[in-house]
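Okay, protein.cif now, which holds mmCIF, C-alpha atoms:
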```
data_coords
loop_
_atom_site.group_PDB
_atom_site.id
_atom_site.type_symbol
_atom_site.label_atom_id
_atom_site.label_comp_id
_atom_site.auth_asym_id
_atom_site.auth_seq_id
_atom_site.Cartn_x
_atom_site.Cartn_y
_atom_site.Cartn_z
ATOM 1 C CA MET A 297 -106.429 -61.568 9.734
ATOM 2 C CA ASN A 298 -103.465 -59.894 8.209
ATOM 3 C CA GLU A 299 -100.054 -61.037 9.580
ATOM 4 C CA ASN A 300 -98.694 -57.527 9.471
ATOM 5 C CA ASN A 301 -101.231 -56.322 11.972
ATOM 6 C CA PRO A 302 -100.112 -57.432 15.471
ATOM 7 C CA SER A 303 -102.685 -58.528 17.926
ATOM 8 C CA ASP A 304 -103.725 -56.370 20.865
ATOM 9 C CA SER A 305 -101.633 -58.429 23.330
ATOM 10 C CA GLU A 306 -98.517 -57.851 21.265
ATOM 11 C CA ARG A 307 -99.139 -54.095 21.254
ATOM 12 C CA ASN A 308 -98.847 -54.027 25.045
ATOM 13 C CA LEU A 309 -95.050 -53.385 25.328
ATOM 14 C CA GLU A 310 -94.746 -52.758 28.994
ATOM 15 C CA ALA A 311 -91.768 -54.611 30.545
ATOM 16 C CA PRO A 312 -92.316 -56.964 33.421
ATOM 17 C CA ALA A 313 -91.973 -55.320 36.806
ATOM 18 C CA ARG A 314 -89.088 -57.569 37.849
ATOM 19 C CA LEU A 315 -87.021 -56.587 34.818
ATOM 20 C CA VAL A 316 -87.650 -52.899 35.424
ATOM 21 C CA ALA A 317 -86.603 -53.259 39.039
ATOM 22 C CA ALA A 318 -83.418 -55.172 38.105
ATOM 23 C CA LEU A 319 -82.420 -52.544 35.548
ATOM 24 C CA LYS A 320 -82.943 -49.721 38.003
ATOM 25 C CA GLU A 321 -80.864 -51.587 40.551
ATOM 26 C CA SER A 322 -77.980 -52.163 38.096
ATOM 27 C CA SER A 323 -77.707 -48.448 37.150
ATOM 28 C CA ARG A 324 -77.391 -47.570 40.800
ATOM 29 C CA ARG A 325 -74.637 -50.106 41.378
ATOM 30 C CA GLU A 326 -71.042 -49.034 40.550
ATOM 31 C CA ILE A 327 -69.196 -51.441 38.290
ATOM 32 C CA PHE A 328 -65.613 -51.970 39.295
ATOM 33 C CA VAL A 329 -63.146 -51.447 36.417
ATOM 34 C CA PRO A 330 -59.577 -52.478 37.240
ATOM 35 C CA PRO A 331 -56.990 -49.680 36.787
ATOM 36 C CA TYR A 332 -55.006 -51.678 34.192
ATOM 37 C CA VAL A 333 -58.091 -51.783 31.981
ATOM 38 C CA ASP A 334 -58.436 -48.026 32.399
ATOM 39 C CA ARG A 335 -54.835 -47.491 31.432
ATOM 40 C CA ALA A 336 -55.111 -49.800 28.431
ATOM 41 C CA VAL A 337 -58.169 -47.965 27.156
ATOM 42 C CA LEU A 338 -56.474 -44.602 27.675
ATOM 43 C CA LYS A 339 -53.342 -45.737 25.867
ATOM 44 C CA ALA A 340 -55.298 -47.105 22.926
ATOM 45 C CA ALA A 341 -57.268 -43.883 22.665
ATOM 46 C CA GLU A 342 -54.094 -41.840 22.814
ATOM 47 C CA GLN A 343 -52.463 -43.892 20.064
ATOM 48 C CA HIS A 344 -55.508 -43.599 17.890
ATOM 49 C CA LEU A 345 -55.703 -39.840 18.275
ATOM 50 C CA ASN A 346 -51.957 -39.379 17.689
ATOM 51 C CA LYS A 347 -52.164 -41.390 14.506
ATOM 52 C CA ARG A 348 -54.868 -39.108 13.186
ATOM 53 C CA ALA A 349 -52.908 -35.996 14.081
ATOM 54 C CA LYS A 350 -49.794 -37.354 12.366
ATOM 55 C CA LYS A 351 -51.771 -38.210 9.272
ATOM 56 C CA ARG A 352 -53.089 -34.689 9.116
ATOM 57 C CA LEU A 353 -49.563 -33.238 9.515
ATOM 58 C CA GLY A 354 -48.226 -35.747 6.974
ATOM 59 C CA ASN A 355 -50.613 -34.453 4.334
ATOM 60 C CA PHE A 356 -49.556 -30.923 5.119
ATOM 61 C CA TYR A 357 -45.838 -31.808 4.752
ATOM 62 C CA ARG A 358 -46.480 -33.615 1.491
ATOM 63 C CA TRP A 359 -47.910 -30.413 0.039
ATOM 64 C CA LEU A 360 -44.962 -28.475 1.405
ATOM 65 C CA LEU A 361 -42.369 -30.850 -0.074
ATOM 66 C CA TRP A 362 -42.377 -29.624 -3.671
ATOM 67 C CA PRO A 363 -42.231 -25.878 -2.989
ATOM 68 C CA ALA A 364 -39.446 -26.590 -0.484
ATOM 69 C CA PHE A 365 -37.553 -28.658 -3.051
ATOM 70 C CA ALA A 366 -37.915 -25.925 -5.685
ATOM 71 C CA THR A 367 -36.721 -23.294 -3.202
ATOM 72 C CA VAL A 368 -33.671 -25.385 -2.317
ATOM 73 C CA CYS A 369 -32.825 -25.784 -6.044
ATOM 74 C CA VAL A 370 -33.113 -22.043 -6.687
ATOM 75 C CA LEU A 371 -31.028 -21.259 -3.615
ATOM 76 C CA GLY A 372 -28.412 -23.812 -4.704
ATOM 77 C CA ILE A 373 -28.028 -22.240 -8.151
ATOM 78 C CA TRP A 374 -27.891 -18.764 -6.655
ATOM 79 C CA MET A 375 -25.209 -19.816 -4.167
ATOM 80 C CA ALA A 376 -23.198 -21.495 -6.936
ATOM 81 C CA ARG A 377 -23.310 -18.295 -8.981
ATOM 82 C CA LEU A 378 -22.253 -16.337 -5.939
ATOM 83 C CA LEU A 379 -19.405 -18.578 -4.864
ATOM 84 C CA ILE A 380 -17.980 -19.679 -8.207
ATOM 85 C CA PRO A 381 -16.249 -16.862 -10.114
ATOM 86 C CA GLN A 382 -18.262 -15.689 -13.092
ATOM 87 C CA GLY A 383 -15.879 -17.011 -15.731
ATOM 88 C CA GLU A 384 -15.638 -20.415 -14.108
ATOM 89 C CA PHE A 385 -19.398 -20.607 -13.664
ATOM 90 C CA LYS A 386 -19.917 -19.919 -17.338
ATOM 91 C CA SER A 387 -17.238 -22.442 -18.244
ATOM 92 C CA ALA A 388 -18.891 -25.025 -15.997
ATOM 93 C CA ILE A 389 -22.011 -24.976 -18.131
ATOM 94 C CA ARG A 390 -20.508 -24.355 -21.533
ATOM 95 C CA THR A 391 -19.047 -26.848 -23.923
ATOM 96 C CA ASP A 392 -17.846 -24.624 -26.776
ATOM 97 C CA TYR A 393 -14.290 -23.914 -25.653
ATOM 98 C CA ALA A 394 -11.763 -22.128 -27.818
ATOM 99 C CA ARG A 395 -9.187 -24.474 -29.255
ATOM 100 C CA GLU A 396 -6.410 -22.692 -27.364
ATOM 101 C CA ASP A 397 -8.269 -22.969 -24.071
ATOM 102 C CA LEU A 398 -6.395 -26.086 -23.035
ATOM 103 C CA ASN A 399 -7.258 -25.958 -19.332
ATOM 104 C CA ARG A 400 -10.950 -25.430 -20.165
ATOM 105 C CA ASP A 401 -11.456 -22.523 -17.792
ATOM 106 C CA GLY A 402 -13.317 -20.495 -20.391
ATOM 107 C CA GLN A 403 -10.447 -18.079 -21.021
ATOM 108 C CA VAL A 404 -7.443 -18.217 -23.280
ATOM 109 C CA ASP A 405 -4.607 -16.929 -21.137
ATOM 110 C CA ILE A 406 -0.965 -17.535 -20.386
ATOM 111 C CA LEU A 407 -1.889 -20.558 -18.249
ATOM 112 C CA ASP A 408 -2.984 -22.432 -21.371
ATOM 113 C CA SER A 409 0.351 -21.755 -22.974
ATOM 114 C CA PHE A 410 2.078 -22.722 -19.729
ATOM 115 C CA ALA A 411 0.090 -25.965 -19.548
ATOM 116 C CA LEU A 412 1.192 -26.971 -23.045
ATOM 117 C CA ALA A 413 4.804 -26.024 -22.317
ATOM 118 C CA ARG A 414 4.765 -28.234 -19.219
ATOM 119 C CA GLU A 415 3.328 -31.127 -21.203
ATOM 120 C CA LEU A 416 6.011 -30.703 -23.844
ATOM 121 C CA LYS A 417 8.720 -30.579 -21.212
ATOM 122 C CA SER A 418 7.463 -33.799 -19.646
ATOM 123 C CA GLY A 419 8.204 -35.527 -22.952
ATOM 124 C CA LYS A 420 4.783 -37.118 -23.278
ATOM 125 C CA SER A 421 3.434 -37.738 -26.752
ATOM 126 C CA LEU A 422 0.667 -35.215 -27.154
ATOM 127 C CA PRO A 423 -2.584 -35.679 -29.070
ATOM 128 C CA ALA A 424 -3.275 -33.725 -32.242
ATOM 129 C CA ILE A 425 -5.749 -31.507 -30.408
ATOM 130 C CA PHE A 426 -2.754 -29.585 -29.036
ATOM 131 C CA ASP A 427 -1.570 -28.808 -32.559
ATOM 132 C CA VAL A 428 -3.032 -25.325 -32.449
ATOM 133 C CA ASN A 429 -1.287 -23.951 -35.535
ATOM 134 C CA GLY A 430 -2.188 -27.030 -37.555
ATOM 135 C CA ASP A 431 1.309 -27.736 -38.862
ATOM 136 C CA GLY A 432 1.095 -31.398 -37.895
ATOM 137 C CA VAL A 433 3.516 -31.090 -34.975
ATOM 138 C CA VAL A 434 2.925 -30.156 -31.364
ATOM 139 C CA ASP A 435 5.888 -27.989 -30.397
ATOM 140 C CA GLU A 436 7.081 -24.634 -29.062
ATOM 141 C CA ARG A 437 5.387 -22.823 -31.921
ATOM 142 C CA ASP A 438 2.015 -23.933 -30.593
ATOM 143 C CA VAL A 439 3.018 -22.666 -27.153
ATOM 144 C CA ALA A 440 4.009 -19.290 -28.610
ATOM 145 C CA LEU A 441 0.805 -19.069 -30.632
ATOM 146 C CA ILE A 442 -1.365 -19.619 -27.570
ATOM 147 C CA ALA A 443 0.669 -17.046 -25.613
ATOM 148 C CA ALA A 444 0.312 -14.537 -28.439
ATOM 149 C CA HIS A 445 -3.420 -15.138 -28.471
ATOM 150 C CA ALA A 446 -3.556 -14.694 -24.693
ATOM 151 C CA VAL A 447 -1.932 -11.244 -24.693
ATOM 152 C CA GLU A 448 -3.616 -10.000 -27.840
ATOM 153 C CA LEU A 449 -5.228 -6.568 -27.549
ATOM 154 C CA ARG A 450 -8.767 -6.461 -28.795
ATOM 155 C CA LYS A 451 -11.116 -3.634 -29.546
ATOM 156 C CA ASP A 452 -13.554 -4.760 -26.846
ATOM 157 C CA ASN A 453 -10.904 -3.812 -24.279
ATOM 158 C CA ARG A 454 -10.324 -7.419 -23.270
ATOM 159 C CA SER A 455 -7.421 -9.727 -23.819
ATOM 160 C CA MET M 288 -3.766 39.451 -49.808
ATOM 161 C CA LYS M 289 -4.367 39.457 -46.060
ATOM 162 C CA ARG M 290 -5.784 35.943 -46.228
ATOM 163 C CA TRP M 291 -2.707 34.605 -47.981
ATOM 164 C CA LEU M 292 -0.490 36.282 -45.440
ATOM 165 C CA THR M 293 -2.409 34.610 -42.569
ATOM 166 C CA ILE M 294 -2.081 31.174 -44.195
ATOM 167 C CA LEU M 295 1.641 31.711 -44.693
ATOM 168 C CA ILE M 296 2.152 32.704 -41.053
ATOM 169 C CA CYS M 297 0.179 29.668 -39.841
ATOM 170 C CA ALA M 298 2.178 27.344 -42.086
ATOM 171 C CA LEU M 299 5.456 28.723 -40.777
ATOM 172 C CA ALA M 300 4.299 28.617 -37.159
ATOM 173 C CA ALA M 301 2.990 25.048 -37.239
ATOM 174 C CA PRO M 302 6.411 23.365 -36.898
ATOM 175 C CA LEU M 303 7.148 25.664 -33.978
ATOM 176 C CA PHE M 304 4.022 24.457 -32.152
ATOM 177 C CA ALA M 305 4.908 20.873 -32.967
ATOM 178 C CA GLN M 306 8.372 21.410 -31.549
ATOM 179 C CA GLU M 307 6.821 22.830 -28.402
ATOM 180 C CA LEU M 308 4.685 19.696 -28.032
ATOM 181 C CA GLU M 309 7.696 17.445 -28.614
ATOM 182 C CA SER M 310 9.609 19.273 -25.948
ATOM 183 C CA GLN M 311 6.907 18.252 -23.480
ATOM 184 C CA ALA M 312 7.555 14.541 -24.112
ATOM 185 C CA HIS M 313 8.807 12.582 -21.124
ATOM 186 C CA PHE M 314 10.342 9.136 -21.005
ATOM 187 C CA HIS M 315 9.524 6.749 -18.199
ATOM 188 C CA ALA M 316 10.675 3.290 -17.218
ATOM 189 C CA VAL M 317 8.160 1.487 -15.049
ATOM 190 C CA ASP M 318 9.160 -1.613 -13.102
ATOM 191 C CA ILE M 319 6.420 -4.196 -12.674
ATOM 192 C CA TYR M 320 6.532 -6.298 -9.542
ATOM 193 C CA ALA M 321 4.642 -9.448 -8.629
ATOM 194 C CA ASP M 322 4.387 -10.700 -5.077
ATOM 195 C CA SER M 323 3.350 -14.341 -4.802
ATOM 196 C CA GLY M 324 4.004 -14.668 -1.075
ATOM 197 C CA ASN M 325 5.317 -18.115 -0.186
ATOM 198 C CA ALA M 326 4.205 -19.691 -3.459
ATOM 199 C CA PRO M 327 6.671 -20.069 -6.321
ATOM 200 C CA LEU M 328 5.622 -17.847 -9.196
ATOM 201 C CA ALA M 329 5.644 -19.824 -12.442
ATOM 202 C CA ALA M 330 3.299 -17.824 -14.661
ATOM 203 C CA TYR M 331 1.561 -14.477 -14.692
ATOM 204 C CA GLN M 332 -0.496 -12.323 -17.012
ATOM 205 C CA LEU M 333 -1.386 -8.707 -16.334
ATOM 206 C CA GLU M 334 -2.659 -5.595 -18.005
ATOM 207 C CA PHE M 335 -0.797 -2.308 -17.773
ATOM 208 C CA SER M 336 -2.208 1.004 -18.860
ATOM 209 C CA VAL M 337 -1.742 4.732 -18.483
ATOM 210 C CA THR M 338 -5.058 6.390 -17.894
ATOM 211 C CA ASN M 339 -4.600 10.147 -17.802
ATOM 212 C CA VAL M 340 -2.090 11.301 -20.409
ATOM 213 C CA VAL M 341 -1.264 10.651 -24.033
ATOM 214 C CA THR M 342 1.205 7.777 -23.937
ATOM 215 C CA LYS M 343 3.177 5.612 -26.272
ATOM 216 C CA ILE M 344 4.629 2.355 -24.993
ATOM 217 C CA ALA M 345 8.134 2.218 -26.401
ATOM 218 C CA GLY M 346 9.520 -1.084 -25.198
ATOM 219 C CA ILE M 347 9.142 -3.974 -22.811
ATOM 220 C CA GLU M 348 11.931 -5.907 -21.143
ATOM 221 C CA GLY M 349 12.112 -8.889 -18.838
ATOM 222 C CA GLY M 350 12.480 -9.050 -15.092
ATOM 223 C CA GLN M 351 15.136 -9.550 -12.497
ATOM 224 C CA HIS M 352 14.808 -13.240 -11.672
ATOM 225 C CA ARG M 353 16.315 -15.797 -14.015
ATOM 226 C CA ALA M 354 12.913 -17.380 -14.593
ATOM 227 C CA PHE M 355 11.500 -14.133 -15.999
ATOM 228 C CA ARG M 356 14.596 -12.531 -17.483
ATOM 229 C CA ASP M 357 13.368 -12.854 -21.077
ATOM 230 C CA ALA M 358 10.900 -10.252 -22.291
ATOM 231 C CA PRO M 359 7.323 -11.342 -21.624
ATOM 232 C CA PHE M 360 4.800 -12.090 -24.328
ATOM 233 C CA TYR M 361 2.909 -9.007 -25.533
ATOM 234 C CA ASP M 362 0.957 -7.873 -28.539
ATOM 235 C CA PRO M 363 3.185 -5.831 -30.888
ATOM 236 C CA LYS M 364 0.130 -3.692 -31.574
ATOM 237 C CA ALA M 365 0.513 -2.359 -28.015
ATOM 238 C CA MET M 366 3.594 -0.414 -29.083
ATOM 239 C CA GLN M 367 2.675 3.212 -29.578
ATOM 240 C CA GLN M 368 -0.426 2.690 -27.455
ATOM 241 C CA GLU M 369 -1.191 3.376 -23.803
ATOM 242 C CA ARG M 370 -2.225 -0.170 -22.902
ATOM 243 C CA VAL M 371 -0.527 -3.555 -23.026
ATOM 244 C CA ILE M 372 -1.109 -7.077 -21.760
ATOM 245 C CA ILE M 373 2.028 -8.923 -20.773
ATOM 246 C CA GLY M 374 2.426 -12.541 -19.761
ATOM 247 C CA ALA M 375 5.276 -14.922 -19.087
ATOM 248 C CA PHE M 376 5.902 -18.333 -17.607
ATOM 249 C CA SER M 377 8.732 -20.606 -16.619
ATOM 250 C CA THR M 378 8.679 -24.385 -16.654
ATOM 251 C CA ASP M 379 11.526 -24.568 -14.153
ATOM 252 C CA VAL M 380 11.101 -26.579 -10.972
ATOM 253 C CA ALA M 381 9.618 -24.780 -7.982
ATOM 254 C CA GLU M 382 13.029 -24.373 -6.310
ATOM 255 C CA ASN M 383 14.234 -22.251 -9.216
ATOM 256 C CA LEU M 384 11.235 -19.936 -9.244
ATOM 257 C CA PRO M 385 10.920 -16.616 -7.411
ATOM 258 C CA LYS M 386 8.903 -16.284 -4.228
ATOM 259 C CA GLY M 387 7.774 -13.089 -2.586
ATOM 260 C CA LYS M 388 8.140 -9.765 -4.392
ATOM 261 C CA THR M 389 10.061 -9.889 -7.627
ATOM 262 C CA ARG M 390 10.413 -7.634 -10.639
ATOM 263 C CA VAL M 391 8.888 -9.449 -13.578
ATOM 264 C CA ALA M 392 9.146 -6.793 -16.279
ATOM 265 C CA THR M 393 9.994 -3.194 -17.092
ATOM 266 C CA ILE M 394 7.904 -1.114 -19.452
ATOM 267 C CA HIS M 395 9.381 1.900 -21.219
ATOM 268 C CA LEU M 396 7.031 4.593 -22.322
ATOM 269 C CA GLU M 397 6.804 8.117 -23.569
ATOM 270 C CA THR M 398 4.187 10.516 -22.250
ATOM 271 C CA PHE M 399 3.222 13.930 -23.584
ATOM 272 C CA GLY M 400 2.387 16.954 -21.507
ATOM 273 C CA ASN M 401 3.311 17.955 -18.020
ATOM 274 C CA THR M 402 0.728 15.856 -16.215
ATOM 275 C CA ARG M 403 2.180 13.146 -14.015
ATOM 276 C CA PRO M 404 1.043 9.822 -15.529
ATOM 277 C CA ILE M 405 -1.132 7.465 -13.524
ATOM 278 C CA PHE M 406 -0.308 3.816 -14.077
ATOM 279 C CA GLN M 407 -2.922 1.120 -13.758
ATOM 280 C CA LEU M 408 -2.163 -2.552 -13.258
ATOM 281 C CA LYS M 409 -4.627 -5.425 -13.353
ATOM 282 C CA LEU M 410 -3.550 -8.974 -12.671
ATOM 283 C CA GLN M 411 -5.356 -11.351 -14.986
ATOM 284 C CA THR M 412 -3.972 -14.656 -13.798
ATOM 285 C CA ALA M 413 -1.006 -16.256 -12.063
ATOM 286 C CA ALA M 414 0.026 -19.805 -11.291
ATOM 287 C CA ASP M 415 2.559 -21.865 -9.405
ATOM 288 C CA SER M 416 4.825 -24.513 -10.915
ATOM 289 C CA ALA M 417 2.021 -27.103 -10.891
ATOM 290 C CA GLY M 418 -0.240 -24.817 -12.912
ATOM 291 C CA ASN M 419 -2.516 -24.025 -9.976
ATOM 292 C CA LYS M 420 -3.856 -20.493 -9.838
ATOM 293 C CA ILE M 421 -2.368 -18.493 -6.985
ATOM 294 C CA PRO M 422 -3.122 -15.079 -5.520
ATOM 295 C CA VAL M 423 -0.520 -12.534 -6.545
ATOM 296 C CA THR M 424 -0.237 -8.836 -5.815
ATOM 297 C CA VAL M 425 1.075 -6.701 -8.660
ATOM 298 C CA THR M 426 2.586 -3.269 -8.189
ATOM 299 C CA CYS M 427 4.608 -0.872 -10.269
ATOM 300 C CA GLU M 428 7.251 1.707 -9.574
ATOM 301 C CA GLU M 429 8.628 4.332 -11.873
ATOM 302 C CA LYS M 430 12.341 4.005 -12.254
ATOM 303 C CA LYS M 431 14.351 7.190 -11.913
ATOM 304 C CA ILE M 432 16.048 7.835 -15.228
ATOM 305 C CA GLN M 433 19.532 9.223 -14.677
#
```

Go ahead and express the file in the form of structure tokens.
Amino acid sequence: MNENNPSDSERNLEAPARLVAALKESSRREIFVPPYVDRAVLKAAEQHLNKRAKKRLGNFYRWLLWPAFATVCVLGIWMARLLIPQGEFKSAIRTDYAREDLNRDGQVDILDSFALARELKSGKSLPAIFDVNGDGVVDERDVALIAAHAVELRKDNRS
Amino acid sequence: MKRWLTILICALAAPLFAQELESQAHFHAVDIYADSGNAPLAAYQLEFSVTNVVTKIAGIEGGQHRAFRDAPFYDPKAMQQERVIIGAFSTDVAENLPKGKTRVATIHLETFGNTRPIFQLKLQTAADSAGNKIPVTVTCEEKKIQ
């Protein structure tokens, strides 16, 4: 006889009457669960569900992060342009200043001449970069040259 | 013959018209004031122009306060034009610099025609004795020539 073919007695799967009766009895009986166990189960379930919700929100925020960062950058640049006067904004990003623009504000004006005059008056030894007329000496003539440049009339209607 | 006569009359009349135009020339002296409020005014630069009539700037002189008594810097090319940029500074200590409203320069000019000239002033920059930019109000007043 083949081992895979169970015998007729094995095919009879009916449970013993006593077992059936005991099982029926147990389903009718109420099992007492202490309240602290109830609370613990509830708390654990709550934590588990919260964690899942947070994870879902976390993914959403991660996607939102880069567009938000880009928006903040754009807004920052726009605000800087708005708040900083145009000339100063341009000078803040430029590096090619005129030689006479001693205070590096992007414009050659009387304040550059004034700045050099104050330095001269203080008696400090000044670097060759202030020698605007290139005569080898930093003196009043450089101050006058910058002033002359500052008040010069140009065809483009600007000083 | 008629043509030559017309040319001759025009040639003789031209100086008369020129004289008429000259007679409409007016001289003005315009005082330029700067008001720096409570801050000591150490440096300024401004643009002055006449916008509505033919004008020739004839001369520029300094102001009232000792710090700005010398004539300001200006482009000599501005002479005989209707626009000039003037600027001046003083390296004196703050105590010796003007505060409030002070006359910083006077501009002399000649206008042509009977239209009352309109003066335009634009402050370009101003600073206190430490070289810090300060807000300054610039105004001008035509001086009555006696």

*Reference answer for the PyMOL selection byres ((chain A and resi 397) around 12), as a ChimeraX atom specification*: /A:387,391-396,398-412,425-426,428,439,441-443,445-446

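The two atoms in question, CA of Lys388 (chain M) and CA of Asn419 (chain M), are spaced 18.7 Å apart.
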
*Which polymer residues have any atom within 10 Å of an atom of Ile372 (chain M), counting only C-alpha atoms, with same-chain residues fewer than 3 positions away left out, as a PyMOL selection string?*
(chain A and resi 446-449+454-455) or (chain M and resi 332-336+359-362+365+408-411)

*Could you check which of M:His395, M:Lys420, M:His315, M:Arg390 is closest to chain A, using only C-alpha atoms?*
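For chain A, the nearest of the given residues is M:Lys420.
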
*Measure the distance from CA of Ala375 (chain M) to CA of Tyr331 (chain M) in Å and round it to one decimal.*
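Distance between the two atoms: 5.8 Å.
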
*Closest to chain M among A:Val433, A:Leu309, A:Met375, A:Ala444, using only C-alpha atoms?*
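That would be A:Ala444, the residue with the smallest distance to chain M.
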
*Can you list, as a PyMOL selection string, the residues that the PyMOL selection byres ((chain M and resi 320) around 10) selects here?*
chain M and resi 317-319+321-323+350-351+387-393+423-428

For the structure provided, state which residues fall under the PyMOL selection byres ((chain M and resi 329) around 10), and present them as an mmCIF file with C-alpha atoms, in the coordinates of the input.
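And here is the file that came out, out.cif:
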```cif
data_model
loop_
_atom_site.group_PDB
_atom_site.id
_atom_site.type_symbol
_atom_site.label_atom_id
_atom_site.label_comp_id
_atom_site.auth_asym_id
_atom_site.auth_seq_id
_atom_site.Cartn_x
_atom_site.Cartn_y
_atom_site.Cartn_z
ATOM 1 C CA LEU A 407 -1.889 -20.558 -18.249
ATOM 2 C CA PHE A 410 2.078 -22.722 -19.729
ATOM 3 C CA SER M 323 3.350 -14.341 -4.802
ATOM 4 C CA ALA M 326 4.205 -19.691 -3.459
ATOM 5 C CA PRO M 327 6.671 -20.069 -6.321
ATOM 6 C CA LEU M 328 5.622 -17.847 -9.196
ATOM 7 C CA ALA M 330 3.299 -17.824 -14.661
ATOM 8 C CA TYR M 331 1.561 -14.477 -14.692
ATOM 9 C CA ALA M 354 12.913 -17.380 -14.593
ATOM 10 C CA PHE M 355 11.500 -14.133 -15.999
ATOM 11 C CA ALA M 375 5.276 -14.922 -19.087
ATOM 12 C CA PHE M 376 5.902 -18.333 -17.607
ATOM 13 C CA SER M 377 8.732 -20.606 -16.619
ATOM 14 C CA THR M 378 8.679 -24.385 -16.654
ATOM 15 C CA ASP M 379 11.526 -24.568 -14.153
ATOM 16 C CA VAL M 380 11.101 -26.579 -10.972
ATOM 17 C CA ALA M 381 9.618 -24.780 -7.982
ATOM 18 C CA ASN M 383 14.234 -22.251 -9.216
ATOM 19 C CA LEU M 384 11.235 -19.936 -9.244
ATOM 20 C CA PRO M 385 10.920 -16.616 -7.411
ATOM 21 C CA LYS M 386 8.903 -16.284 -4.228
ATOM 22 C CA ALA M 413 -1.006 -16.256 -12.063
ATOM 23 C CA ALA M 414 0.026 -19.805 -11.291
ATOM 24 C CA ASP M 415 2.559 -21.865 -9.405
ATOM 25 C CA SER M 416 4.825 -24.513 -10.915
ATOM 26 C CA ALA M 417 2.021 -27.103 -10.891
ATOM 27 C CA GLY M 418 -0.240 -24.817 -12.912
ATOM 28 C CA ASN M 419 -2.516 -24.025 -9.976
ATOM 29 C CA LYS M 420 -3.856 -20.493 -9.838
ATOM 30 C CA ILE M 421 -2.368 -18.493 -6.985
#
```

_Which residue of M:Gln311, M:Gln367, M:Thr338, M:Thr412 approaches chain A most closely, using all atoms listed in the file_ =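 The closest residue to chain A is M:Thr412.
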
_I'd like the neighbourhood of Ala316 (chain M) as a VMD selection string, where a residue qualifies if any of its atoms comes within 10 Å (using all atoms listed in the file), though same-chain residues fewer than 2 positions away should be ignored._
chain M and resid 314 318 to 319 344 to 347 393 to 397 428 to 432

_Using only C-alpha atoms: which of A:Leu378, A:Ala336, A:Leu416, A:Ala424 has the shortest distance to chain M_ = A:Leu416

*asked:* I'd like the interatomic distance between CA of Val340 (chain M) and CA of Pro404 (chain M), to a tenth of an Å.
replied: 6.0 Å

*May I have the residues within 8 Å of Gln368 (chain M) as a PyMOL selection string, using only C-alpha atoms and disregarding those fewer than 4 positions away in the same chain?*
chain M and resi 342-344+364

Next, dump the selected residues to file, keeping only C-alpha atoms, as a compact mmCIF listing (two decimals), in the coordinates of the input.
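Saved file again10.txt follows:
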```txt
# COMPACT_ATOMS: atom_id res chain seq x y z
CA THR M 342 1.20 7.78 -23.94
CA LYS M 343 3.18 5.61 -26.27
CA ILE M 344 4.63 2.36 -24.99
CA LYS M 364 0.13 -3.69 -31.57
```

*asked:* Ranking A:Leu361, A:Val333, A:Ala440, A:Leu315 by minimum distance to chain M and counting all atoms listed in the file, which one comes first?
replied: A:Ala440

*asked:* Set the distance at 12 Å and use all atoms listed in the file: which residues neighbour Asn339 (chain M) once local chain neighbours fewer than 4 positions away are removed? I'd like the list as a PyMOL selection string.
replied: chain M and resi 369-370+398-407

Given 8 Å of margin on each side, can you work out the centre and size in Å (one decimal) of an axis-aligned box holding every listed atom of region 345-356 of chain A, as AutoDock Vina command-line options?
```
--center_x -52.0 --center_y -36.2 --center_z 11.3 --size_x 23.5 --size_y 26.5 --size_z 29.9
```

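When all atoms listed in the file are used to compute distances to chain A, the closest of the residues M:Ala312, M:Val371, M:Val341, M:Met366 turns out to be M:Val371.
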